[in-house]
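Some notes on the structure that comes next.
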Amino acid sequence: MTSSVRAALFLAVAGAVAEDRPGVFFREDWTAKPPFEQVTQDHVASPDLLQILYGPARDSIKKRHHGSDHDPYYIFSGACEGHWAVALRRRDALADLTGNAKIRWRARNSGFRRLHVIVKLADGTWLVSDESDGASKDWRVQEFKAADLHWRKLNIDTITEGAEVERPDLSHVDEIGFTDLMKGASSPACSRLDWIEVLAKPVKRERAAVQPSRWVRHLISEGFQTQSSAAADFTGDGRIDVITGDIGNDRRIYLYSGPNWQPTLLRSGIRLIQSAALDVDGDGDTDFIGAQYRPGLVFWLERPKDPLHDPWPYHVIDGLSNGGVNGVHGLTLGDVDRDGRLDLIAGSGWPEGKLPNSLVWFRIPKDPRQPWERHVFADRDAPGLSHYLGFGDVNGDGRADVATGAKIPPEGNWFAWWEQPAIPGRTWTKHVIAENQPGATNILMADMNGDGKTDFIATRGHGQGVVWYEAPEWKRHDIDMDIVGPHSLAAADIDGDGDIDAITCAKDSRVVVWYENDGRGKFTTHLIDNDQAAYEVRLVDIDGDGDLDLLIAGQETRNVVWYENRLRQTTGGAKK
């Protein structure tokens, strides 16, 4: 054999070996955000990865750092009073863990804690490896070749191992992560993980089938990020229109006239985060109310005689510049003072300005072009960056109350409601519904179990999970604890059977789901779409057929869409 032939064979073999060594499928180091927080999706450094927490102690998985340059920001299990697990999912692909695929991480464990690899197969099966990474005095890198591991079934709800699984098919793996199958015991007995890296071949992720017989998707706009959309007949032609804001591109606010959704520019220079539709001036047509987060601003646009061609006059309601709200992430309408006219309620969640960590409501004057009367009802007692607002009578005293949630620890991670006093002008009383709710975001009031009492339904939109709290003790019921980033929430009778259902679109999981209520507070999850993100959702009858359709302001998917509700056509909307 000549030297040239030997060289050619060597190169061929080397090339074949190289082709069999997959590249980096994903790597996650998490972010250098403040230590000892409950870890959420907001801590994930890679925009391509979805983090899902599992187990009874999922809310106690922390991110820690001791302040030394030699000490990383790491995942910490020491505060977990039960079993836990962390998994990561690449949005665009499954992982092929056959051949030379590997999982690597850097960890430092103590006590009897040993980190195991966990995987979720494409068919939903969970597995945990027999092999593990045990205690060490210092940080060390451990590597596992997936094909060499021995596997057991994993109960993902309890995080406990089961029977052995012989030669599972690892060619289509949905999620990859780790657990130590134990609860934490502070520093003497805990797991710590700095980073995780997966070397694997990607497998294209197929879009799940959506039932067009029940929900039909319609595009209103695309190509820009938006955080809020309001639907109403803004043009006076009897059809629903949509006003939304492009948060980039000169921060333009557009009117899309239905049903063909032709855009009309209304104003530029405002980053719209919240909105509402209301006949503000009482002239019989619908005006537009909007808000900007920072610097804080609440305003309304007055509908002109010719809304598609004439300019919409701009009026300031309140804002940071005149000593008012700042950090406006909540905006809703309701009759606070029981005078038969709608008032405007807003958050002032930023910790700076003259109204830090507060909630306010405005009485609309007879001439709304004049200054609006501001009432501070939560005076500096809503810290942690409050979000959306729930409005209703919580305790049945005939007076409206207001609820909100806040997402940022240590002051946040709570849901609470403020009780309106019997005597106007007196301080509203704050009542905590639940604490230690990572990423608390959205909360609404409704009777969820048909007992005649006002309950709360809530989402942890900068965390994970949809829950409801049962009156009067606010017992928590989990609806969907695997959904990540359900920033949006709407509740109403979606299927026409007489009880209150709920709907959300997750900004991180990027799924649209509705939760069917059985009338007693037990919910069934239905997938509408698995390729749509949202900052905000609304239920509104867009097509005028008498049921509630879904309007989505899609920030990360850069679109505004609506889903036509055909549930009554396919199920009959029968009473339970």
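Letters A, B, ... mark the chains of the structure tokens in the order given; residue numbers begin at 1 per chain; ligand numbers begin at 1, in order shown.
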Using only C-alpha atoms, which protein or nucleic acid residues come within 6 Å of Val86 in chain A? Drop anything in the same chain fewer than 4 positions from it, and give the result as a VMD selection string. chain A and resid 53 177 to 178
Contact residues around range 295-299 of chain A with only C-alpha atoms at 7 Å, ignoring same-chain residues under 5 positions, as an mmCIF file with C-alpha atoms, in the first residue's frame:
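So selection_30.cif came out as:
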data_model
loop_
_atom_site.group_PDB
_atom_site.id
_atom_site.type_symbol
_atom_site.label_atom_id
_atom_site.label_comp_id
_atom_site.auth_asym_id
_atom_site.auth_seq_id
_atom_site.Cartn_x
_atom_site.Cartn_y
_atom_site.Cartn_z
ATOM 1 C CA ILE A 289 -56.636 54.461 26.455
ATOM 2 C CA GLY A 290 -52.975 53.445 26.618
ATOM 3 C CA HIS A 315 -54.531 63.712 25.961
ATOM 4 C CA VAL A 316 -52.331 62.922 28.990
ATOM 5 C CA ILE A 317 -54.127 61.392 31.972
ATOM 6 C CA ASP A 318 -51.148 60.960 34.316
ATOM 7 C CA GLY A 319 -47.442 60.206 34.307
ATOM 8 C CA LEU A 320 -44.046 60.543 35.902
ATOM 9 C CA VAL A 325 -47.534 56.933 37.969
ATOM 10 C CA ASN A 326 -44.312 55.224 36.940
ATOM 11 C CA GLY A 327 -43.864 51.600 35.971
ATOM 12 C CA VAL A 328 -47.390 51.147 34.588
#
Could you make a table, as JSON lines, of the residues of range 386-467 of chain A that have an atom within 12 Å of an atom of range 265-285 of chain A, each with its nearest atom pair and distance in Å to one decimal, counting only C-alpha atoms, in chain and number order?
{"residue": "A:His387", "atom": "CA", "partner": "A:Gln274", "partner_atom": "CA", "distance": 10.5}
{"residue": "A:Tyr388", "atom": "CA", "partner": "A:Gln274", "partner_atom": "CA", "distance": 9.3}
{"residue": "A:Leu389", "atom": "CA", "partner": "A:Gln274", "partner_atom": "CA", "distance": 11.1}
Save the residues we just selected, C-alpha atoms, as an mmCIF file, in the first residue's frame?
data_model
loop_
_atom_site.group_PDB
_atom_site.id
_atom_site.type_symbol
_atom_site.label_atom_id
_atom_site.label_comp_id
_atom_site.auth_asym_id
_atom_site.auth_seq_id
_atom_site.Cartn_x
_atom_site.Cartn_y
_atom_site.Cartn_z
ATOM 1 C CA HIS A 387 -48.153 43.560 37.052
ATOM 2 C CA TYR A 388 -51.718 43.063 35.875
ATOM 3 C CA LEU A 389 -54.844 43.986 37.839
#
Per residue of range 286-396 of chain A within 12 Å of range 462-469 of chain A, what are the shortest atom pair and its distance in Å to one decimal, counting only C-alpha atoms, with rows by chain and residue number, as a tab-separated table?
residue	atom	partner	partner_atom	distance
A:Leu385	CA	A:His462	CA	11.4
A:Ser386	CA	A:His462	CA	11.7
A:His387	CA	A:His462	CA	10.4
A:Val394	CA	A:Tyr469	CA	12.0
For Ala122 in chain A, the closest of A:Pro168, A:Pro409, A:Gly184, A:Gly78 counting only C-alpha atoms is A:Pro168
All residues 10 Å or closer to Pro410 in chain A, only C-alpha atoms, same chain fewer than 2 positions away omitted, as a PyMOL selection string: chain A and resi 34+36-38+383-384+407-408+412-413+436
Surrounding residues of Val512 in chain A excluding itself and chain neighbours under 4 positions, 7 Å, only C-alpha atoms, as a VMD selection string: chain A and resid 504 to 506 527 to 530 532
Show me, as a list in words, the residues that have an atom within 12 Å of Asp493 in chain A when counting only C-alpha atoms, minus same-chain residues fewer than 5 positions from it. Ala446, Asp447, Met448, Gly498, Asp499, Ile500, Asp501, Ala502, Ile503, Trp514, Tyr515, Glu516, Asn517, Asp518, Gly519, Leu539, Val540, Gly546, Asp547, Leu548, Asp549, Asn565, Leu567, Arg568, Gly573 and Lys575 of chain A
Which residues of range 367-398 of chain A come within 12 Å of range 419-423 of chain A, and what is each one's closest atom pair and distance in Å (one decimal), counting only C-alpha atoms, sorted by chain and residue number, as a tab-separated table?
residue	atom	partner	partner_atom	distance
A:Val376	CA	A:Gln420	CA	11.7
A:Phe377	CA	A:Gln420	CA	8.3
A:Ala378	CA	A:Glu419	CA	9.9
A:Phe391	CA	A:Glu419	CA	10.9
A:Gly392	CA	A:Glu419	CA	10.2
A:Asp393	CA	A:Glu419	CA	8.7
A:Val394	CA	A:Glu419	CA	7.9
A:Asn395	CA	A:Glu419	CA	8.3
A:Gly396	CA	A:Glu419	CA	10.8
A:Asp397	CA	A:Ala422	CA	8.8
A:Gly398	CA	A:Ala422	CA	9.5
Closest atom pairs, range 256-322 of chain A residues within 9 Å of range 236-242 of chain A, only C-alpha atoms, as a Markdown table:
| residue | atom | partner | partner_atom | distance |
| --- | --- | --- | --- | --- |
| A:Tyr256 | CA | A:Val242 | CA | 5.1 |
| A:Ser257 | CA | A:Asp241 | CA | 4.6 |
| A:Gly258 | CA | A:Asp241 | CA | 4.9 |
| A:Pro259 | CA | A:Arg239 | CA | 7.1 |
| A:Trp261 | CA | A:Asp241 | CA | 7.5 |
| A:Asp285 | CA | A:Gly236 | CA | 7.0 |
| A:Thr286 | CA | A:Gly236 | CA | 8.1 |
| A:Pro307 | CA | A:Gly236 | CA | 8.7 |
